[in-house]
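Undergrad: This is work.txt (compact mmCIF, C-alpha atoms).
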```txt
# COMPACT_ATOMS: atom_id res chain seq x y z
CA MET Y 1 0.00 0.00 0.00
CA THR Y 2 1.04 3.58 -0.63
CA ASP Y 3 0.43 6.52 1.67
CA PHE Y 4 -0.65 8.80 -1.18
CA ALA Y 5 -3.23 8.80 -3.93
CA ILE Y 6 -1.93 6.70 -6.81
CA PRO Y 7 -1.84 8.82 -9.99
CA ALA Y 8 -4.62 7.86 -12.36
CA VAL Y 9 -3.71 6.42 -15.77
CA LEU Y 10 -6.33 7.81 -18.13
CA HIS Y 11 -6.99 6.51 -21.62
CA ASP Y 12 -8.06 8.19 -24.87
CA VAL Y 13 -7.59 11.69 -23.46
CA SER Y 14 -8.02 14.82 -25.58
CA LEU Y 15 -4.87 16.95 -25.43
CA ARG Y 16 -6.59 20.08 -26.64
CA PRO Y 17 -6.61 21.72 -23.16
CA TYR Y 18 -3.00 20.78 -22.52
CA HIS Y 19 -1.06 22.28 -25.44
CA THR Y 20 -1.26 25.80 -26.78
CA PHE Y 21 -1.64 24.91 -30.46
CA GLY Y 22 -5.02 23.51 -29.47
CA THR Y 23 -5.44 20.75 -32.02
CA ASN Y 24 -7.83 17.90 -31.30
CA ALA Y 25 -5.05 15.41 -30.62
CA VAL Y 26 -5.84 12.36 -28.50
CA ALA Y 27 -3.32 10.45 -26.36
CA ASP Y 28 -3.53 6.73 -25.75
CA CYS Y 29 -2.58 7.33 -22.09
CA PHE Y 30 -2.37 10.42 -19.89
CA ILE Y 31 -0.93 10.74 -16.38
CA GLU Y 32 -0.70 13.89 -14.26
CA VAL Y 33 2.17 14.12 -11.76
CA ASP Y 34 1.44 16.35 -8.76
CA THR Y 35 4.14 15.17 -6.34
CA ALA Y 36 7.59 13.59 -6.25
CA ALA Y 37 5.92 10.47 -4.86
CA HIS Y 38 3.78 10.22 -8.01
CA LEU Y 39 6.89 10.32 -10.19
CA ASP Y 40 8.67 7.76 -8.03
CA TYR Y 41 5.65 5.45 -8.27
CA LEU Y 42 5.55 5.72 -12.09
CA ILE Y 43 9.23 4.93 -12.43
CA LYS Y 44 9.21 1.98 -10.00
CA ARG Y 45 6.17 0.50 -11.75
CA HIS Y 46 7.84 1.01 -15.14
CA LEU Y 47 4.91 3.03 -16.40
CA LEU Y 48 7.18 5.43 -18.30
CA LYS Y 49 7.67 3.28 -21.35
CA GLU Y 50 8.37 4.54 -24.83
CA PRO Y 51 6.83 6.21 -26.55
CA PHE Y 52 6.12 8.84 -23.94
CA VAL Y 53 6.47 12.60 -23.64
CA ILE Y 54 6.87 14.85 -20.63
CA LEU Y 55 4.45 17.75 -20.88
CA GLY Y 56 4.66 21.07 -19.06
CA GLY Y 57 2.59 23.93 -20.44
CA GLY Y 58 2.51 22.40 -23.92
CA SER Y 59 3.63 25.70 -25.43
CA ASN Y 60 6.41 24.40 -27.64
CA MET Y 61 5.03 21.21 -29.13
CA VAL Y 62 2.37 19.79 -31.37
CA PHE Y 63 0.93 16.28 -31.36
CA ALA Y 64 -0.13 13.86 -34.02
CA ASP Y 65 -3.91 13.61 -34.21
CA ARG Y 66 -3.52 10.29 -32.39
CA TYR Y 67 -0.50 10.09 -30.10
CA ARG Y 68 0.32 6.39 -29.67
CA GLY Y 69 1.99 6.73 -26.33
CA THR Y 70 1.79 8.14 -22.81
CA VAL Y 71 1.69 11.84 -22.00
CA VAL Y 72 2.99 12.67 -18.51
CA ARG Y 73 1.97 16.14 -17.42
CA MET Y 74 4.19 17.71 -14.77
CA ALA Y 75 2.01 19.69 -12.36
CA THR Y 76 4.34 19.90 -9.35
CA LYS Y 77 4.42 23.26 -7.53
CA GLY Y 78 6.75 25.01 -5.14
CA ILE Y 79 9.27 27.88 -5.00
CA ARG Y 80 11.92 28.14 -2.28
CA LEU Y 81 15.06 30.08 -1.44
CA VAL Y 82 17.98 27.65 -1.13
CA GLY Y 83 20.98 30.00 -0.94
CA GLN Y 84 21.79 33.67 -0.49
CA THR Y 85 24.65 36.19 -0.43
CA ASP Y 86 24.62 39.98 -0.56
CA GLU Y 87 24.78 39.87 -4.37
CA TYR Y 88 22.64 36.93 -5.41
CA VAL Y 89 20.10 34.33 -4.36
CA LEU Y 90 19.58 30.70 -5.35
CA VAL Y 91 15.91 30.02 -6.02
CA GLU Y 92 14.60 26.51 -6.64
CA ALA Y 93 11.31 26.05 -8.45
CA GLU Y 94 9.43 22.83 -9.14
CA ALA Y 95 9.21 21.79 -12.79
CA GLY Y 96 5.43 22.30 -12.99
CA GLU Y 97 5.51 25.95 -11.89
CA GLU Y 98 4.02 28.24 -14.53
CA TRP Y 99 6.89 30.27 -15.98
CA ASP Y 100 5.38 33.74 -16.18
CA SER Y 101 4.04 33.50 -12.63
CA PHE Y 102 7.47 32.38 -11.45
CA VAL Y 103 9.15 35.40 -13.09
CA ARG Y 104 6.60 37.75 -11.54
CA HIS Y 105 7.06 36.10 -8.12
CA CYS Y 106 10.84 36.57 -8.30
CA ILE Y 107 10.49 40.27 -9.07
CA GLY Y 108 8.12 40.65 -6.14
CA GLN Y 109 10.71 39.05 -3.86
CA GLY Y 110 13.53 41.30 -5.10
CA TRP Y 111 15.23 38.52 -7.11
CA TYR Y 112 16.27 39.86 -10.50
CA GLY Y 113 17.44 38.70 -13.92
CA LEU Y 114 14.43 37.09 -15.60
CA GLU Y 115 12.42 40.26 -16.39
CA ASN Y 116 13.06 40.14 -20.16
CA LEU Y 117 11.60 36.63 -20.24
CA ALA Y 118 8.13 37.81 -19.21
CA ALA Y 119 4.97 36.38 -20.78
CA ILE Y 120 6.60 33.26 -22.24
CA PRO Y 121 4.04 30.45 -22.02
CA GLY Y 122 5.20 27.21 -20.43
CA THR Y 123 6.71 25.86 -17.24
CA VAL Y 124 9.94 26.06 -15.27
CA GLY Y 125 11.00 22.56 -16.29
CA ALA Y 126 10.61 23.38 -19.96
CA SER Y 127 12.66 26.56 -19.53
CA ALA Y 128 15.75 24.41 -18.95
CA VAL Y 129 15.05 21.97 -21.77
CA GLN Y 130 14.49 24.68 -24.35
CA ASN Y 131 16.75 27.38 -22.86
CA VAL Y 132 13.92 29.82 -23.51
CA GLY Y 133 14.99 33.25 -24.64
CA ALA Y 134 13.60 36.60 -25.69
CA TYR Y 135 14.40 40.29 -25.78
CA GLY Y 136 18.15 39.92 -25.28
CA SER Y 137 18.08 37.27 -22.53
CA GLU Y 138 18.09 33.49 -22.11
CA ALA Y 139 17.05 31.34 -19.17
CA GLY Y 140 20.32 29.43 -19.28
CA GLN Y 141 22.24 32.55 -18.28
CA TYR Y 142 20.64 32.31 -14.85
CA ILE Y 143 20.31 28.56 -14.30
CA ASP Y 144 22.65 27.32 -11.57
CA CYS Y 145 21.67 23.65 -11.77
CA VAL Y 146 18.89 21.29 -12.81
CA HIS Y 147 17.56 18.39 -10.73
CA ALA Y 148 16.03 15.32 -12.35
CA VAL Y 149 15.19 11.63 -11.86
CA GLY Y 150 16.58 8.93 -14.12
CA ILE Y 151 13.85 6.88 -15.75
CA GLU Y 152 15.77 3.59 -15.77
CA SER Y 153 17.53 3.92 -12.42
CA GLY Y 154 15.04 5.99 -10.44
CA LYS Y 155 18.03 7.84 -9.01
CA THR Y 156 18.16 11.58 -8.34
CA LEU Y 157 20.42 13.38 -10.80
CA SER Y 158 21.84 16.90 -10.77
CA PHE Y 159 23.29 18.85 -13.68
CA SER Y 160 25.50 21.88 -13.10
CA HIS Y 161 25.17 24.90 -15.35
CA ASP Y 162 28.09 23.71 -17.50
CA GLU Y 163 26.74 20.17 -17.71
CA CYS Y 164 23.46 21.50 -19.13
CA LEU Y 165 25.31 22.52 -22.33
CA PHE Y 166 23.07 25.49 -22.95
CA ALA Y 167 23.08 26.93 -26.46
CA TYR Y 168 20.61 28.84 -28.60
CA ARG Y 169 17.24 27.20 -27.83
CA ASP Y 170 19.15 24.10 -26.90
CA SER Y 171 20.46 22.00 -24.01
CA VAL Y 172 21.72 18.54 -23.17
CA PHE Y 173 18.12 17.64 -22.30
CA LYS Y 174 17.20 17.75 -26.00
CA HIS Y 175 20.04 15.43 -27.01
CA SER Y 176 21.94 12.81 -24.98
CA MET Y 177 19.54 13.09 -22.02
CA ALA Y 178 16.33 13.16 -24.06
CA GLY Y 179 13.94 10.42 -22.96
CA ARG Y 180 16.27 9.30 -20.17
CA LEU Y 181 15.14 11.50 -17.31
CA VAL Y 182 12.42 13.72 -15.94
CA ILE Y 183 13.35 17.22 -14.77
CA THR Y 184 11.93 17.76 -11.29
CA SER Y 185 13.19 21.26 -10.40
CA VAL Y 186 15.45 24.06 -11.59
CA VAL Y 187 17.67 26.28 -9.44
CA TYR Y 188 18.17 29.86 -10.63
CA ARG Y 189 20.97 32.20 -9.56
CA LEU Y 190 19.38 35.66 -9.48
CA HIS Y 191 20.66 39.09 -8.53
CA THR Y 192 19.62 41.03 -5.45
CA ARG Y 193 20.14 44.30 -7.34
CA TYR Y 194 18.25 45.08 -10.53
CA ILE Y 195 20.48 45.75 -13.54
CA PRO Y 196 18.35 46.50 -16.64
CA ASN Y 197 19.12 44.53 -19.79
CA LEU Y 198 18.19 46.93 -22.58
CA SER Y 199 20.12 45.25 -25.39
CA TYR Y 200 16.93 44.57 -27.33
CA SER Y 201 16.23 47.67 -29.43
CA ALA Y 202 12.43 47.58 -29.26
CA LEU Y 203 12.53 47.44 -25.47
CA ALA Y 204 15.02 50.31 -25.21
CA GLN Y 205 13.01 52.39 -27.69
CA THR Y 206 9.72 51.82 -25.84
CA LEU Y 207 11.32 52.97 -22.60
CA ARG Y 208 12.62 56.11 -24.33
CA ASP Y 209 9.21 56.78 -25.87
CA GLU Y 210 7.62 56.55 -22.44
CA GLY Y 211 10.27 58.75 -20.84
CA ILE Y 212 11.56 56.03 -18.52
CA ALA Y 213 15.30 56.52 -18.06
CA ASN Y 214 15.79 54.13 -15.16
CA PRO Y 215 13.15 51.39 -15.32
CA THR Y 216 12.27 49.22 -12.39
CA ALA Y 217 12.21 45.47 -12.86
CA MET Y 218 8.41 45.47 -12.89
CA GLN Y 219 8.31 48.26 -15.49
CA THR Y 220 10.58 46.17 -17.71
CA PHE Y 221 8.42 43.09 -17.10
CA ASP Y 222 5.26 45.00 -18.03
CA ILE Y 223 6.73 46.57 -21.18
CA VAL Y 224 8.14 43.24 -22.38
CA THR Y 225 4.68 41.73 -21.83
CA ARG Y 226 3.05 44.49 -23.88
CA ILE Y 227 5.59 44.15 -26.71
CA ARG Y 228 5.15 40.37 -26.82
CA TRP Y 229 1.36 40.37 -26.94
CA GLY Y 230 1.38 43.23 -29.43
CA ARG Y 231 3.22 40.99 -31.86
CA LEU Y 232 2.21 37.45 -30.98
CA PRO Y 233 -1.16 35.71 -30.68
CA ARG Y 234 -2.41 35.06 -27.17
CA PRO Y 235 -2.81 31.28 -26.71
CA GLU Y 236 -6.30 31.71 -25.29
CA GLU Y 237 -7.37 33.47 -28.51
CA TRP Y 238 -5.39 31.69 -31.23
CA GLY Y 239 -3.76 28.29 -31.08
CA SER Y 240 -0.01 28.56 -31.65
CA ALA Y 241 3.32 27.32 -30.32
CA GLY Y 242 5.10 30.67 -30.31
CA SER Y 243 8.16 30.92 -32.54
CA PHE Y 244 7.86 27.90 -34.81
CA PHE Y 245 11.35 28.10 -36.31
CA LYS Y 246 14.79 28.92 -34.94
CA ASN Y 247 16.64 31.93 -36.28
CA PRO Y 248 19.21 30.29 -38.59
CA VAL Y 249 22.96 30.85 -38.35
CA VAL Y 250 24.98 31.10 -41.59
CA THR Y 251 28.67 31.51 -42.34
CA ALA Y 252 30.17 34.98 -42.71
CA SER Y 253 30.71 34.44 -46.44
CA HIS Y 254 27.10 33.31 -46.94
CA PHE Y 255 25.84 36.36 -45.07
CA GLU Y 256 28.05 38.65 -47.18
CA GLN Y 257 26.54 37.21 -50.34
CA LEU Y 258 23.00 37.50 -48.96
CA GLN Y 259 23.65 41.17 -48.12
CA LYS Y 260 24.64 41.78 -51.74
CA ASP Y 261 21.55 40.03 -53.08
CA TYR Y 262 19.14 41.32 -50.39
CA PRO Y 263 20.38 44.64 -48.92
CA GLY Y 264 17.53 44.73 -46.40
CA ILE Y 265 18.30 41.35 -44.83
CA ALA Y 266 18.30 41.31 -41.03
CA GLY Y 267 21.23 39.64 -39.28
CA TYR Y 268 23.89 40.08 -36.64
CA ALA Y 269 27.21 38.53 -35.70
CA PHE Y 270 26.86 35.23 -33.82
CA GLY Y 271 29.98 33.22 -33.02
CA ASP Y 272 31.92 32.74 -36.25
CA GLY Y 273 28.88 33.41 -38.38
CA TYR Y 274 25.71 35.49 -38.54
CA LYS Y 275 22.25 34.85 -37.13
CA LEU Y 276 19.40 35.73 -39.48
CA ALA Y 277 15.82 36.67 -38.62
CA ALA Y 278 13.76 33.67 -39.70
CA GLY Y 279 10.60 35.77 -39.66
CA TRP Y 280 12.11 38.15 -42.24
CA LEU Y 281 13.09 35.27 -44.52
CA ILE Y 282 9.61 33.75 -44.31
CA GLU Y 283 7.95 37.10 -44.95
CA GLN Y 284 10.12 37.71 -48.03
CA CYS Y 285 8.82 34.42 -49.40
CA GLY Y 286 5.29 35.81 -49.18
CA TRP Y 287 4.02 33.65 -46.33
CA ARG Y 288 2.97 36.24 -43.76
CA GLY Y 289 -0.82 36.05 -43.32
CA ARG Y 290 -1.19 33.06 -45.67
CA SER Y 291 -2.63 29.65 -44.87
CA LEU Y 292 -2.58 26.07 -46.04
CA GLY Y 293 -5.80 24.44 -45.02
CA ARG Y 294 -6.66 25.54 -41.50
CA CYS Y 295 -3.08 26.28 -40.45
CA GLY Y 296 -1.71 29.71 -41.19
CA VAL Y 297 1.12 32.18 -40.69
CA TRP Y 298 0.39 34.95 -38.18
CA ASP Y 299 -0.16 38.27 -39.94
CA LYS Y 300 1.89 40.27 -37.41
CA GLN Y 301 4.88 37.91 -37.14
CA ALA Y 302 5.80 35.43 -39.86
CA LEU Y 303 7.78 33.30 -37.40
CA VAL Y 304 4.52 32.11 -35.80
CA LEU Y 305 2.12 29.50 -37.17
CA VAL Y 306 -1.45 29.53 -35.91
CA ASN Y 307 -4.43 27.23 -35.72
CA ARG Y 308 -7.18 29.01 -37.63
CA GLY Y 309 -9.74 26.57 -36.25
CA GLY Y 310 -9.78 22.81 -36.36
CA CYS Y 311 -6.39 22.35 -38.03
CA THR Y 312 -4.81 18.91 -38.02
CA PHE Y 313 -1.27 17.72 -37.42
CA ASP Y 314 -0.88 16.96 -41.14
CA GLU Y 315 -1.82 20.55 -42.01
CA ILE Y 316 0.81 21.88 -39.59
CA VAL Y 317 3.46 19.61 -41.11
CA GLN Y 318 2.50 20.57 -44.67
CA LEU Y 319 2.67 24.29 -43.95
CA ALA Y 320 5.98 24.03 -42.08
CA ASN Y 321 7.54 21.97 -44.87
CA ALA Y 322 6.31 24.37 -47.55
CA ILE Y 323 7.86 27.32 -45.71
CA ILE Y 324 11.16 25.45 -45.20
CA ALA Y 325 11.29 24.57 -48.92
CA ASP Y 326 10.59 28.14 -50.07
CA VAL Y 327 13.21 29.69 -47.78
CA GLU Y 328 15.76 27.07 -48.88
CA ALA Y 329 15.04 27.70 -52.56
CA ARG Y 330 15.26 31.49 -52.30
CA PHE Y 331 18.04 32.07 -49.77
CA GLY Y 332 19.93 28.78 -49.57
CA VAL Y 333 19.12 28.72 -45.84
CA THR Y 334 17.60 25.67 -44.13
CA LEU Y 335 15.18 26.54 -41.34
CA GLN Y 336 14.98 24.27 -38.31
CA ARG Y 337 11.88 23.84 -36.19
CA GLU Y 338 11.93 25.19 -32.67
CA VAL Y 339 8.73 23.26 -31.98
CA PHE Y 340 8.73 19.55 -31.02
CA PHE Y 341 6.67 17.15 -33.13
CA ASN Y 342 5.22 14.24 -31.10
CA GLU Y 343 4.02 11.58 -33.50
```
Would you write the structure of this file as structure tokens?

TA:
Amino acid sequence: MTDFAIPAVLHDVSLRPYHTFGTNAVADCFIEVDTAAHLDYLIKRHLLKEPFVILGGGSNMVFADRYRGTVVRMATKGIRLVGQTDEYVLVEAEAGEEWDSFVRHCIGQGWYGLENLAAIPGTVGASAVQNVGAYGSEAGQYIDCVHAVGIESGKTLSFSHDECLFAYRDSVFKHSMAGRLVITSVVYRLHTRYIPNLSYSALAQTLRDEGIANPTAMQTFDIVTRIRWGRLPRPEEWGSAGSFFKNPVVTASHFEQLQKDYPGIAGYAFGDGYKLAAGWLIEQCGWRGRSLGRCGVWDKQALVLVNRGGCTFDEIVQLANAIIADVEARFGVTLQREVFFNE
């Protein structure tokens, strides 16, 4: 006997309420994890068998119309201070904590660094997997360590910042560790003094326009939120998965040639090459505002695909592939999805 409620294994569950693209996908099995004991029970009973997917806020994935596997939704909650000096704090948050609420909570406590990542849908656990980023900042900059449980061993695992191998929208959890563990919590190293990050031009310009020379953390949070929802569809109004494609990186010589052929191309130095604006490339191919079937490209930001009502997984795939092919043919640049496909 267990001293807690055994997590229910549900069958033939609609995933529409659990992922932001809002398609009518159905999972063979669905389990919600509220506590560490639930996760321990699932692992010991070998209920996490492939295929399976760990689901947080469902803001960066789409599902096949019928997902032939188990969806495990992480719903664990909790935020606690685990270390402190005069200059920084270590804050641990459970994987199921809603990301935007966590950022707002940190600001309210006087823990700073995540303000530019306001209004990103999803959960704390997913922030480490995806290394979420926006407006000149990335989550990985502030992650001290990640705690997880191995699926085969059931043992507690910890990954230091360096072991997470954070890169642009990337981490070790998307590669060698994918499918081998479940992230249980993330520890963030945050500042006790607010230092504005105004490297993103639209944010700096909005502050100037509003006459704010020295913004507070909450002012930055609020302005970032306004900028984001001025450009992107709100998940409660339009189904989407945010930025569908990564901004591609090309060699310096390729970028030089693109500048000659397309003087208005957007790009900036990134490592040994140049990062391009995927939205600009897609827009130049005439896709902004267009649709294939019931899946379309958002009319305010070509980087975002939207569910125009009742779209299917096949329609999402067809539209994404058509966009990739057109960008490749015109610019010689291969776009990569930022969104996970669960088939």

Undergrad: May I have the residues within 8 Å of region 265-279 of chain Y as a list in words, using only C-alpha atoms and disregarding those fewer than 2 positions away in the same chain?

TA: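 Surrounding residues, per the criterion: Phe245, Lys246, Asn247, Pro248, Val249, Val250, Thr251, Ala252, Phe255, Leu258, Gln259, Tyr262, Pro263, Leu281, Ile282, Glu283, Gln301, Ala302, Leu303 and Leu335 of chain Y.
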
Undergrad: Y:Leu42, Y:Ala37, Y:Ile195, Y:Ala139: which is nearest Thr123 (chain Y), counting all atoms listed in the file?

TA: Y:Ala139

Undergrad: Enclose region 127-134 of chain Y, meaning all of its atoms listed in the file, in a box aligned along x, y and z, pad it by 4 Å on each side, and list the centre and edge lengths in Å to one decimal, as AutoDock Vina command-line options.

TA:
```
--center_x 14.7 --center_y 29.3 --center_z -22.3 --size_x 12.1 --size_y 22.6 --size_z 14.7
```

Undergrad: Please provide as a PyMOL selection string all residues within 9 Å of region 143-153 of chain Y, with the sequence filter that same-chain residues fewer than 5 positions apart are discarded (counting all atoms listed in the file).

TA: chain Y and resi 39-40+43-44+46+48+90+125+128+158-164+179-190

Undergrad: Name the closest residue to Gly57 (chain Y) among the candidates Y:Glu94, Y:Leu114, Y:Ala8, Y:Gly122; distances are taken between atoms, counting all atoms listed in the file.

TA: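 Going through Y:Glu94, Y:Leu114, Y:Ala8, Y:Gly122 one by one, the smallest distance to Gly57 (chain Y) is for Y:Gly122.
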
Undergrad: Could you give me, as JSON lines, a per-residue list for region 3-75 of chain Y showing, wherever an atom lies at most 12 Å from an atom of region 129-136 of chain Y, the closest pair of atoms and their distance in Å to one decimal, using all atoms listed in the file and sorting by chain then residue number from low to high?

TA:
```
{"residue": "Y:Ile54", "atom": "CA", "partner": "Y:Val129", "partner_atom": "CA", "distance": 10.9}
{"residue": "Y:Leu55", "atom": "CA", "partner": "Y:Val129", "partner_atom": "CA", "distance": 11.4}
{"residue": "Y:Gly56", "atom": "CA", "partner": "Y:Val129", "partner_atom": "CA", "distance": 10.8}
{"residue": "Y:Ser59", "atom": "CA", "partner": "Y:Gln130", "partner_atom": "CA", "distance": 11.0}
{"residue": "Y:Asn60", "atom": "CA", "partner": "Y:Gln130", "partner_atom": "CA", "distance": 8.7}
{"residue": "Y:Met61", "atom": "CA", "partner": "Y:Gln130", "partner_atom": "CA", "distance": 11.2}
```

Undergrad: Residues near His191 (chain Y), anyone? I mean within 10 Å using all atoms listed in the file, not counting same-chain ones fewer than 6 positions away, as a PyMOL selection string.

TA: chain Y and resi 84-90+110-114+142

Undergrad: Between Y:Cys106, Y:Ala320, Y:Val333, Y:Ala95, single out the one closest to Ala126 (chain Y), counting all atoms listed in the file.

TA: Y:Ala95

Undergrad: Of the candidates Y:Asp261, Y:Leu117, Y:Glu138, Y:Arg45, which shows the shortest atom-to-atom distance to Thr225 (chain Y), using only C-alpha atoms?

TA: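 Under the stated criterion, the closest residue is Y:Leu117.
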
Undergrad: Could you check which of Y:Asp65, Y:Glu256, Y:Asp12, Y:Asp100 is closest to Val317 (chain Y), using all atoms listed in the file?

TA: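 Residue with the minimum atom-to-atom distance to Val317 (chain Y): Y:Asp65.
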
Undergrad: What is the distance between CA of Leu81 (chain Y) and CA of Phe102 (chain Y), in Å to one decimal?

TA: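 Between CA of Leu81 (chain Y) and CA of Phe102 (chain Y) the gap is 12.8 Å.
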
Undergrad: Pick the closest to Glu50 (chain Y) from Y:Phe166, Y:Tyr67, Y:Phe173, Y:Trp287: which is it, counting all atoms listed in the file?

TA: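 So, comparing all the options, the nearest one is Y:Tyr67.
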
Undergrad: Tell me, as a ChimeraX atom specification, which residues lie within 10 Å of Pro196 (chain Y), counting all atoms listed in the file; anything in the same chain fewer than 5 positions away does not count.

TA: /Y:112-113,115-116,204,214-217,220

Undergrad: To one decimal in Å, tell me the separation between CA of Val62 (chain Y) and CA of Phe341 (chain Y).

TA: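 Value for the CA of Val62 (chain Y)-CA of Phe341 (chain Y) distance: 5.3 Å.
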
Undergrad: What is the distance, in Å and to one decimal place, between CA of Asp34 (chain Y) and CA of Glu237 (chain Y)?

TA: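 Between CA of Asp34 (chain Y) and CA of Glu237 (chain Y) the gap is 27.6 Å.
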
Undergrad: Taking all atoms listed in the file into account, produce a table as CSV in which each residue of region 201-239 of chain Y with an atom at most 12 Å from an atom of region 19-24 of chain Y appears once, together with its shortest atom pair and the distance in Å to one decimal, ordered by chain and rising number.

TA:
```
residue,atom,partner,partner_atom,distance
Y:Pro233,CA,Y:Thr20,CA,10.7
Y:Arg234,CA,Y:Thr20,CA,9.3
Y:Pro235,CA,Y:Thr20,CA,5.7
Y:Glu236,CA,Y:Thr20,CA,7.9
Y:Glu237,CA,Y:Thr20,CA,10.0
Y:Trp238,CA,Y:Phe21,CA,7.8
Y:Gly239,CA,Y:Phe21,CA,4.0
```

Undergrad: List as a PyMOL selection string the protein and nucleic acid residues near Gly289 (chain Y), meaning an atom at most 8 Å away when only C-alpha atoms are counted, but skip any in the same chain fewer than 2 places from it.

TA: chain Y and resi 287+291+296-300+302

Undergrad: Could you please fill out region 44-59 of chain Y with N, CA and C atoms and send it back as a PDB file, in the coordinates of the input?

TA:
```
ATOM      1  N   LYS Y  44       9.060   3.317 -10.618  1.00  0.00           N
ATOM      2  CA  LYS Y  44       9.210   1.980 -10.000  1.00  0.00           C
ATOM      3  C   LYS Y  44       8.280   0.961 -10.635  1.00  0.00           C
ATOM      4  N   ARG Y  45       7.111   1.419 -11.099  1.00  0.00           N
ATOM      5  CA  ARG Y  45       6.170   0.500 -11.750  1.00  0.00           C
ATOM      6  C   ARG Y  45       6.409   0.395 -13.251  1.00  0.00           C
ATOM      7  N   HIS Y  46       7.464   1.055 -13.725  1.00  0.00           N
ATOM      8  CA  HIS Y  46       7.840   1.010 -15.140  1.00  0.00           C
ATOM      9  C   HIS Y  46       6.704   1.480 -16.055  1.00  0.00           C
ATOM     10  N   LEU Y  47       6.020   2.498 -15.601  1.00  0.00           N
ATOM     11  CA  LEU Y  47       4.910   3.030 -16.400  1.00  0.00           C
ATOM     12  C   LEU Y  47       5.376   4.054 -17.437  1.00  0.00           C
ATOM     13  N   LEU Y  48       6.643   4.493 -17.303  1.00  0.00           N
ATOM     14  CA  LEU Y  48       7.180   5.430 -18.300  1.00  0.00           C
ATOM     15  C   LEU Y  48       7.901   4.624 -19.380  1.00  0.00           C
ATOM     16  N   LYS Y  49       7.125   4.074 -20.254  1.00  0.00           N
ATOM     17  CA  LYS Y  49       7.670   3.280 -21.350  1.00  0.00           C
ATOM     18  C   LYS Y  49       7.514   4.054 -22.650  1.00  0.00           C
ATOM     19  N   GLU Y  50       8.450   3.849 -23.544  1.00  0.00           N
ATOM     20  CA  GLU Y  50       8.370   4.540 -24.830  1.00  0.00           C
ATOM     21  C   GLU Y  50       7.243   3.968 -25.657  1.00  0.00           C
ATOM     22  N   PRO Y  51       6.596   4.772 -26.488  1.00  0.00           N
ATOM     23  CA  PRO Y  51       6.830   6.210 -26.550  1.00  0.00           C
ATOM     24  C   PRO Y  51       6.103   6.963 -25.421  1.00  0.00           C
ATOM     25  N   PHE Y  52       6.766   7.981 -24.919  1.00  0.00           N
ATOM     26  CA  PHE Y  52       6.120   8.840 -23.940  1.00  0.00           C
ATOM     27  C   PHE Y  52       6.692  10.239 -24.120  1.00  0.00           C
ATOM     28  N   VAL Y  53       6.005  11.217 -23.582  1.00  0.00           N
ATOM     29  CA  VAL Y  53       6.470  12.600 -23.640  1.00  0.00           C
ATOM     30  C   VAL Y  53       6.146  13.261 -22.317  1.00  0.00           C
ATOM     31  N   ILE Y  54       7.092  14.071 -21.831  1.00  0.00           N
ATOM     32  CA  ILE Y  54       6.870  14.850 -20.630  1.00  0.00           C
ATOM     33  C   ILE Y  54       6.295  16.189 -21.043  1.00  0.00           C
ATOM     34  N   LEU Y  55       5.164  16.545 -20.478  1.00  0.00           N
ATOM     35  CA  LEU Y  55       4.450  17.750 -20.880  1.00  0.00           C
ATOM     36  C   LEU Y  55       4.419  18.754 -19.727  1.00  0.00           C
ATOM     37  N   GLY Y  56       4.779  19.989 -20.029  1.00  0.00           N
ATOM     38  CA  GLY Y  56       4.660  21.070 -19.060  1.00  0.00           C
ATOM     39  C   GLY Y  56       3.435  21.904 -19.422  1.00  0.00           C
ATOM     40  N   GLY Y  57       3.692  23.075 -19.989  1.00  0.00           N
ATOM     41  CA  GLY Y  57       2.590  23.930 -20.440  1.00  0.00           C
ATOM     42  C   GLY Y  57       2.158  23.633 -21.857  1.00  0.00           C
ATOM     43  N   GLY Y  58       2.889  22.758 -22.547  1.00  0.00           N
ATOM     44  CA  GLY Y  58       2.510  22.400 -23.920  1.00  0.00           C
ATOM     45  C   GLY Y  58       2.624  23.552 -24.884  1.00  0.00           C
ATOM     46  N   SER Y  59       3.549  24.490 -24.614  1.00  0.00           N
ATOM     47  CA  SER Y  59       3.630  25.700 -25.430  1.00  0.00           C
ATOM     48  C   SER Y  59       4.658  25.621 -26.538  1.00  0.00           C
TER      49      SER Y  59
END
```
